[in-house]
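Below is one structure; the comments refer to it alone.
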Amino acid sequence: MENLDVMVLRTLRDWRTAGKRALLATVVRTWGSSPRPVGSIMALCEDGAVVGSVSGGCIEDDLIYRHTQAYASASASAQGGGNSIPSGPPTFVKYGITADEAHRFGLPCGGTLELLLEYDPDAAALAQLVQALEAGQLMQRTVRLSDGAVTLATARAPAELSVSSVELVNTFGPEYRMLLIGAGQLTEYLATMALFSGFAVTVCDPREEYRSAWSVAGAKVLSEMPDDVVIAFKPDRRSCVIALTHDPKLDDLALLEALATDAFYVGAIGSRRNNEARHHRMAEHFGLNEAALARLRGPIGIYIGSKTPSEIAVSVMAEVLAVKNGVVLPRDMEVAQAKNERAVLANDPGDLVCGVVHSS
């Protein structure tokens with residue numbers, strides 16, 4: 001699944017380009033609990049088609065009913081009866097003002113949200129915005145409330161939605177990206193979870209035997225050496241890089257390049273012992289200091305007692321999403337800390353040579 005905002009805007013662009021009437025709904029304020037955060041968007045077409053979400057579903061149902069009824073009554077409106085087709089400058093609408101209404105629309109107890117509805121957004125402006133987002137740009141979209149006129153500008157940094165009596169300003173894109181080193185079974189599970197979480201996923205593995213068995217559609221698979229791929233990938237603040245091969249010859253240089261970028265998450269699979277050995281190699285052979293090594297996550301994931309590839313993928317994806325969303329996890333959820341507290345034995349006794357265990 002691609003980035004939800006891009007999908008909504010692209011679909012809305014296509015509707016408007018085809019001459020269909022449509023509206024764009026944006027969550028601009030919330031009070032109490034809310035099922036969707038401020039800045040969430042949804043598009044609704046005159047035929048009732050909808051993409052995106054502003055709530056758990058009931059508010060969408062109400063908008064669909066109200067506006068498709070109005071569209072369907074266009075001819076009656078022209079004759080002086082029925083509902084009028086929604087048009088004109090943007091309008092605000094609140095849901096969940098009373099306890100009864102909150103219950104009716106499925107909002108959490110005490111929850112209220114306010115939407116801005118834009119009627120028939122300009123197709124050319126939507127096309128320009130989608131083109132910029134698809135090119136990886138961070139864009140600021142400003143809506144003048146008096147008439148719905150839209151101004152687009154390149155943004156320097158992500159920003160929270162802001163709304164005043166004059167305008168609404170929302171920042172979009174670029175999409176979140178995940179680069180996975182290694183194309184094994186764990187990578188397939190993690191790639192699947194990342195895709196349905198809205199990440200664009202790239203997988204790198206120079207080993208033909210692993211690439212030939214890859215089975216996850218939607219992920220881009222590359223065969224170049226991982227460090228070269230990281231350089232070409234150009235990780236930014238909406239990117240994460242995760243090494244999953246257990247092979248220092250493939251992982252280490254890629255991680256070294258990733259740590260020199262703005263990637264919000266850089267990590268590698270491995271046990272506590274492997275992680276300590278990796279830090280030692282990085283310091284001894286590549287001169288990384290403690291500050292740089294502190295950015296290298298490992299053992300990756302949160303501690304859920306995972307053993308199987310699928311469970312480990314859940315653990316890793318949970319940590320990635322927590323970091324992405326700015327959530328500081330309790331220390332006892334870190335894999336190493338949790339295992340140490342529980343006196344869990346290390347998985348790899350013996351001397352470790354290039355990822356292969358030899359008993360002494």
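Residue numbers start at 1 in each chain; chains themselves are named A, B, ... in the order of the structure tokens; ligands are numbered from 1 in the order shown.
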
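Considering only segment 125-188 of chain A, backbone DSSP assigns strand (DSSP E) to Met139, Gln140, Arg141, Thr142, Val143, Arg144, Val150, Thr151, Leu152, Ala153, Thr154, Ser162, Val163, Glu167, Leu168, Val169, Asn170, Thr171, Phe172, Arg177, Met178, Leu179, Leu180 and Ile181 of chain A.
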
Distance query Leu12 of chain A at most 10 Å, only C-alpha atoms, self and fewer than 6 positions along chain excluded, as a PDB file with N, CA and C atoms, in the first residue's frame:
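Ended up saving to selection-v7.pdb:
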```
ATOM      1  N   VAL A   6      -0.842  10.554  -0.585  1.00  0.00           N
ATOM      2  CA  VAL A   6      -0.597  10.598  -2.029  1.00  0.00           C
ATOM      3  C   VAL A   6      -1.717   9.876  -2.767  1.00  0.00           C
ATOM      4  N   ALA A  18     -11.289  14.292 -14.735  1.00  0.00           N
ATOM      5  CA  ALA A  18     -12.357  13.687 -15.534  1.00  0.00           C
ATOM      6  C   ALA A  18     -13.645  14.507 -15.497  1.00  0.00           C
ATOM      7  N   LYS A  20     -15.478  15.247 -12.770  1.00  0.00           N
ATOM      8  CA  LYS A  20     -16.421  14.848 -11.733  1.00  0.00           C
ATOM      9  C   LYS A  20     -16.406  15.834 -10.575  1.00  0.00           C
ATOM     10  N   ARG A  21     -17.575  16.031  -9.976  1.00  0.00           N
ATOM     11  CA  ARG A  21     -17.660  16.842  -8.778  1.00  0.00           C
ATOM     12  C   ARG A  21     -17.103  16.034  -7.610  1.00  0.00           C
ATOM     13  N   ALA A  22     -16.402  16.691  -6.679  1.00  0.00           N
ATOM     14  CA  ALA A  22     -15.788  15.974  -5.555  1.00  0.00           C
ATOM     15  C   ALA A  22     -15.447  16.964  -4.457  1.00  0.00           C
ATOM     16  N   LEU A  23     -15.221  16.443  -3.266  1.00  0.00           N
ATOM     17  CA  LEU A  23     -14.786  17.299  -2.165  1.00  0.00           C
ATOM     18  C   LEU A  23     -13.594  16.665  -1.456  1.00  0.00           C
ATOM     19  N   LEU A  24     -12.821  17.509  -0.789  1.00  0.00           N
ATOM     20  CA  LEU A  24     -11.696  17.083   0.030  1.00  0.00           C
ATOM     21  C   LEU A  24     -11.990  17.472   1.463  1.00  0.00           C
ATOM     22  N   MET A  42      -9.546  12.956   3.395  1.00  0.00           N
ATOM     23  CA  MET A  42     -10.423  12.019   2.719  1.00  0.00           C
ATOM     24  C   MET A  42     -11.017  12.723   1.507  1.00  0.00           C
ATOM     25  N   ALA A  43     -11.171  12.015   0.405  1.00  0.00           N
ATOM     26  CA  ALA A  43     -11.799  12.569  -0.784  1.00  0.00           C
ATOM     27  C   ALA A  43     -13.081  11.805  -1.069  1.00  0.00           C
ATOM     28  N   LEU A  44     -14.113  12.548  -1.497  1.00  0.00           N
ATOM     29  CA  LEU A  44     -15.421  11.969  -1.786  1.00  0.00           C
ATOM     30  C   LEU A  44     -15.871  12.421  -3.164  1.00  0.00           C
ATOM     31  N   CYS A  45     -16.237  11.450  -4.012  1.00  0.00           N
ATOM     32  CA  CYS A  45     -16.680  11.740  -5.373  1.00  0.00           C
ATOM     33  C   CYS A  45     -18.199  11.829  -5.421  1.00  0.00           C
ATOM     34  N   VAL A  50     -15.169   6.836  -2.230  1.00  0.00           N
ATOM     35  CA  VAL A  50     -14.424   7.531  -1.182  1.00  0.00           C
ATOM     36  C   VAL A  50     -13.048   6.910  -1.050  1.00  0.00           C
ATOM     37  N   VAL A  51     -12.050   7.732  -0.758  1.00  0.00           N
ATOM     38  CA  VAL A  51     -10.697   7.247  -0.499  1.00  0.00           C
ATOM     39  C   VAL A  51     -10.123   8.054   0.653  1.00  0.00           C
ATOM     40  N   ASP A 120     -14.909  20.785  -4.935  1.00  0.00           N
ATOM     41  CA  ASP A 120     -14.368  20.795  -6.295  1.00  0.00           C
ATOM     42  C   ASP A 120     -12.988  21.455  -6.373  1.00  0.00           C
ATOM     43  N   PRO A 121     -11.990  20.912  -5.665  1.00  0.00           N
ATOM     44  CA  PRO A 121     -10.634  21.479  -5.725  1.00  0.00           C
ATOM     45  C   PRO A 121     -10.117  21.520  -7.165  1.00  0.00           C
ATOM     46  N   ASP A 122      -9.301  22.515  -7.437  1.00  0.00           N
ATOM     47  CA  ASP A 122      -8.781  22.735  -8.787  1.00  0.00           C
ATOM     48  C   ASP A 122      -7.930  21.564  -9.253  1.00  0.00           C
ATOM     49  N   ALA A 123      -8.261  21.014 -10.430  1.00  0.00           N
ATOM     50  CA  ALA A 123      -7.561  19.838 -10.948  1.00  0.00           C
ATOM     51  C   ALA A 123      -6.100  20.137 -11.258  1.00  0.00           C
ATOM     52  N   LEU A 126      -4.078  20.216  -8.062  1.00  0.00           N
ATOM     53  CA  LEU A 126      -3.911  18.858  -7.559  1.00  0.00           C
ATOM     54  C   LEU A 126      -2.859  18.106  -8.352  1.00  0.00           C
ATOM     55  N   ALA A 127      -2.863  18.253  -9.667  1.00  0.00           N
ATOM     56  CA  ALA A 127      -1.876  17.581 -10.511  1.00  0.00           C
ATOM     57  C   ALA A 127      -0.470  18.048 -10.187  1.00  0.00           C
TER      58      ALA A 127
END
```

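Of the residues listed (A:Glu257, A:Glu60, A:Glu276, A:Glu46), A:Glu46 shows the shortest atom-to-atom separation from Ala72 of chain A; distances use only C-alpha atoms.
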
Point to revise | Contact residues around Tyr65 of chain A with only C-alpha atoms at 12 Å, ignoring same-chain residues under 2 positions, as a ChimeraX atom specification | key: /A:44-50,58-63,67-72,83

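The space between atom CA of Glu319 of chain A and atom CA of Ser271 of chain A spans 16.3 Å.
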
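Using only C-alpha atoms, the contacts of Ala336 of chain A at a cut-off of 10 Å, with sequence neighbours closer than 3 positions omitted, comprise Ser271, Arg272, Arg273, Asn275, Gly298, Pro299, Ile300, Gly301, Ile302, Tyr303, Arg331, Asp332, Met333, Lys339, Asn340, Glu341, Arg342 and Val344 of chain A.
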
For the residues in the current selection, export N, CA, C and O atoms as a short mmCIF file (atom, residue, chain, number, x, y, z; two decimals), in the first residue's frame.
```
data_model
loop_
_atom_site.label_atom_id
_atom_site.label_comp_id
_atom_site.auth_asym_id
_atom_site.auth_seq_id
_atom_site.Cartn_x
_atom_site.Cartn_y
_atom_site.Cartn_z
N SER A 271 21.97 -11.06 17.60
CA SER A 271 21.89 -11.25 19.05
C SER A 271 22.63 -10.15 19.78
O SER A 271 23.30 -9.31 19.17
N ARG A 272 22.57 -10.20 21.11
CA ARG A 272 23.33 -9.24 21.91
C ARG A 272 24.82 -9.37 21.63
O ARG A 272 25.54 -8.37 21.51
N ARG A 273 25.29 -10.60 21.50
CA ARG A 273 26.71 -10.82 21.24
C ARG A 273 27.11 -10.31 19.86
O ARG A 273 28.16 -9.68 19.69
N ASN A 275 25.64 -7.96 18.26
CA ASN A 275 25.57 -6.50 18.30
C ASN A 275 26.83 -5.90 18.91
O ASN A 275 27.37 -4.91 18.42
N GLY A 298 20.31 -2.09 17.78
CA GLY A 298 20.53 -3.52 17.80
C GLY A 298 20.73 -4.00 19.23
O GLY A 298 21.35 -3.28 20.02
N PRO A 299 20.25 -5.18 19.58
CA PRO A 299 19.35 -5.99 18.77
C PRO A 299 18.05 -5.22 18.48
O PRO A 299 17.50 -4.58 19.38
N ILE A 300 17.58 -5.28 17.24
CA ILE A 300 16.44 -4.47 16.84
C ILE A 300 15.13 -5.11 17.30
O ILE A 300 15.06 -6.29 17.58
N GLY A 301 14.10 -4.27 17.35
CA GLY A 301 12.78 -4.72 17.74
C GLY A 301 12.47 -4.41 19.19
O GLY A 301 13.30 -3.86 19.92
N ILE A 302 11.26 -4.75 19.60
CA ILE A 302 10.88 -4.67 21.00
C ILE A 302 10.74 -6.09 21.53
O ILE A 302 10.48 -7.02 20.76
N TYR A 303 10.91 -6.25 22.83
CA TYR A 303 10.91 -7.60 23.38
C TYR A 303 9.48 -8.12 23.55
O TYR A 303 8.71 -7.62 24.36
N ARG A 331 12.52 1.37 28.65
CA ARG A 331 13.78 0.66 28.46
C ARG A 331 13.61 -0.84 28.60
O ARG A 331 14.32 -1.62 27.96
N ASP A 332 12.64 -1.28 29.44
CA ASP A 332 12.49 -2.72 29.62
C ASP A 332 11.83 -3.40 28.43
O ASP A 332 11.63 -4.61 28.42
N MET A 333 11.48 -2.60 27.38
CA MET A 333 10.98 -3.19 26.15
C MET A 333 12.09 -3.41 25.13
O MET A 333 11.88 -4.03 24.10
N LYS A 339 16.15 -9.15 27.88
CA LYS A 339 16.80 -10.46 27.98
C LYS A 339 17.79 -10.50 29.14
O LYS A 339 17.89 -11.52 29.84
N ASN A 340 18.49 -9.39 29.35
CA ASN A 340 19.42 -9.35 30.48
C ASN A 340 18.67 -9.45 31.81
O ASN A 340 19.10 -10.16 32.73
N GLU A 341 17.55 -8.74 31.91
CA GLU A 341 16.77 -8.78 33.14
C GLU A 341 16.21 -10.17 33.41
O GLU A 341 16.06 -10.57 34.57
N ARG A 342 15.90 -10.88 32.34
CA ARG A 342 15.34 -12.22 32.48
C ARG A 342 16.39 -13.31 32.46
O ARG A 342 16.07 -14.50 32.47
N VAL A 344 18.14 -14.35 30.06
CA VAL A 344 18.00 -15.22 28.89
C VAL A 344 19.38 -15.52 28.34
O VAL A 344 20.19 -14.62 28.10
#
```

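Interatomic distance, atom CA of Arg141 of chain A against atom CA of Lys324 of chain A: 22.6 Å.
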
Practice item. Excluding segment 218-222 of chain A and residues on its chain fewer than 4 positions from it, collect all residues at most 7 Å away from it, counting only C-alpha atoms, and give them as a VMD selection string. Key: chain A and resid 201 to 205

Point to revise | Close residues, Val320 of chain A itself excluded, 9 Å, only C-alpha atoms, min 6 positions apart in chain, as a ChimeraX atom specification | key: /A:240,264-265,301

Take the selection from the previous step and output its residues with C-alpha atoms, as a PDB file, in the first residue's frame.
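Saved the output as again_2.pdb:
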```pdb
ATOM      1  CA  CYS A 240      14.925   3.791   7.586  1.00  0.00           C
ATOM      2  CA  PHE A 264      15.332   8.228  11.313  1.00  0.00           C
ATOM      3  CA  TYR A 265      16.098   4.557  11.998  1.00  0.00           C
ATOM      4  CA  GLY A 301      12.777  -4.724  17.743  1.00  0.00           C
TER       5      GLY A 301
END
```

Practice item. Go through segment 86-208 of chain A and collect every residue that DSSP, computed from the backbone, puts in helix (DSSP H, G or I); the answer should be as a PyMOL selection string. Key: chain A and resi 99-104+123-134+185-196+208

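Using only C-alpha atoms, the nearest neighbour of Asp227 of chain A within the list A:Leu195, A:Asp14, A:Trp214, A:Leu179 is A:Leu179.
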
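Picture a line from atom CA of Glu290 of chain A to atom CA of Leu253 of chain A; it runs 17.4 Å.
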
For Thr171 of chain A, list every protein, DNA or RNA residue within 9 Å, evaluated using only C-alpha atoms, and leave out those in the same chain fewer than 5 positions away; present the list as a JSON list (two decimals) with N, CA and C atoms, in the first residue's frame.
```
[["chain", "number", "residue", "atom", "x", "y", "z"],
["A", 39, "GLY", "N", -4.87, 16.73, 10.33],
["A", 39, "GLY", "CA", -4.16, 16.64, 9.05],
["A", 39, "GLY", "C", -4.61, 15.48, 8.19],
["A", 138, "LEU", "N", 8.84, 17.64, -0.41],
["A", 138, "LEU", "CA", 8.00, 17.99, 0.72],
["A", 138, "LEU", "C", 7.26, 19.27, 0.35],
["A", 139, "MET", "N", 5.92, 19.22, 0.38],
["A", 139, "MET", "CA", 5.15, 20.33, -0.15],
["A", 139, "MET", "C", 4.21, 20.94, 0.90],
["A", 140, "GLN", "N", 4.08, 22.26, 0.84],
["A", 140, "GLN", "CA", 3.15, 22.99, 1.70],
["A", 140, "GLN", "C", 1.98, 23.45, 0.84],
["A", 141, "ARG", "N", 0.76, 23.10, 1.29],
["A", 141, "ARG", "CA", -0.46, 23.47, 0.56],
["A", 141, "ARG", "C", -1.26, 24.44, 1.42],
["A", 142, "THR", "N", -1.48, 25.66, 0.91],
["A", 142, "THR", "CA", -2.21, 26.69, 1.63],
["A", 142, "THR", "C", -3.55, 26.94, 0.95],
["A", 155, "ALA", "N", 8.34, 22.88, 0.93],
["A", 155, "ALA", "CA", 8.56, 23.07, 2.37],
["A", 155, "ALA", "C", 9.96, 22.62, 2.74],
["A", 157, "ALA", "N", 10.80, 21.67, 5.96],
["A", 157, "ALA", "CA", 10.72, 20.64, 7.00],
["A", 157, "ALA", "C", 9.26, 20.29, 7.24],
["A", 158, "PRO", "N", 8.99, 19.07, 7.69],
["A", 158, "PRO", "CA", 7.60, 18.71, 8.03],
["A", 158, "PRO", "C", 7.06, 19.65, 9.10],
["A", 159, "ALA", "N", 5.76, 19.92, 9.02],
["A", 159, "ALA", "CA", 5.14, 20.83, 9.99],
["A", 159, "ALA", "C", 3.72, 20.37, 10.28],
["A", 160, "GLU", "N", 3.24, 20.67, 11.48],
["A", 160, "GLU", "CA", 1.87, 20.35, 11.84],
["A", 160, "GLU", "C", 0.91, 21.25, 11.07],
["A", 161, "LEU", "N", -0.30, 20.73, 10.82],
["A", 161, "LEU", "CA", -1.33, 21.54, 10.17],
["A", 161, "LEU", "C", -1.64, 22.76, 11.02]]
```

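Closest approach to Arg281 of chain A among A:Pro248, A:Gly267, A:Lys307, A:Ala183: A:Pro248, based on only C-alpha atoms.
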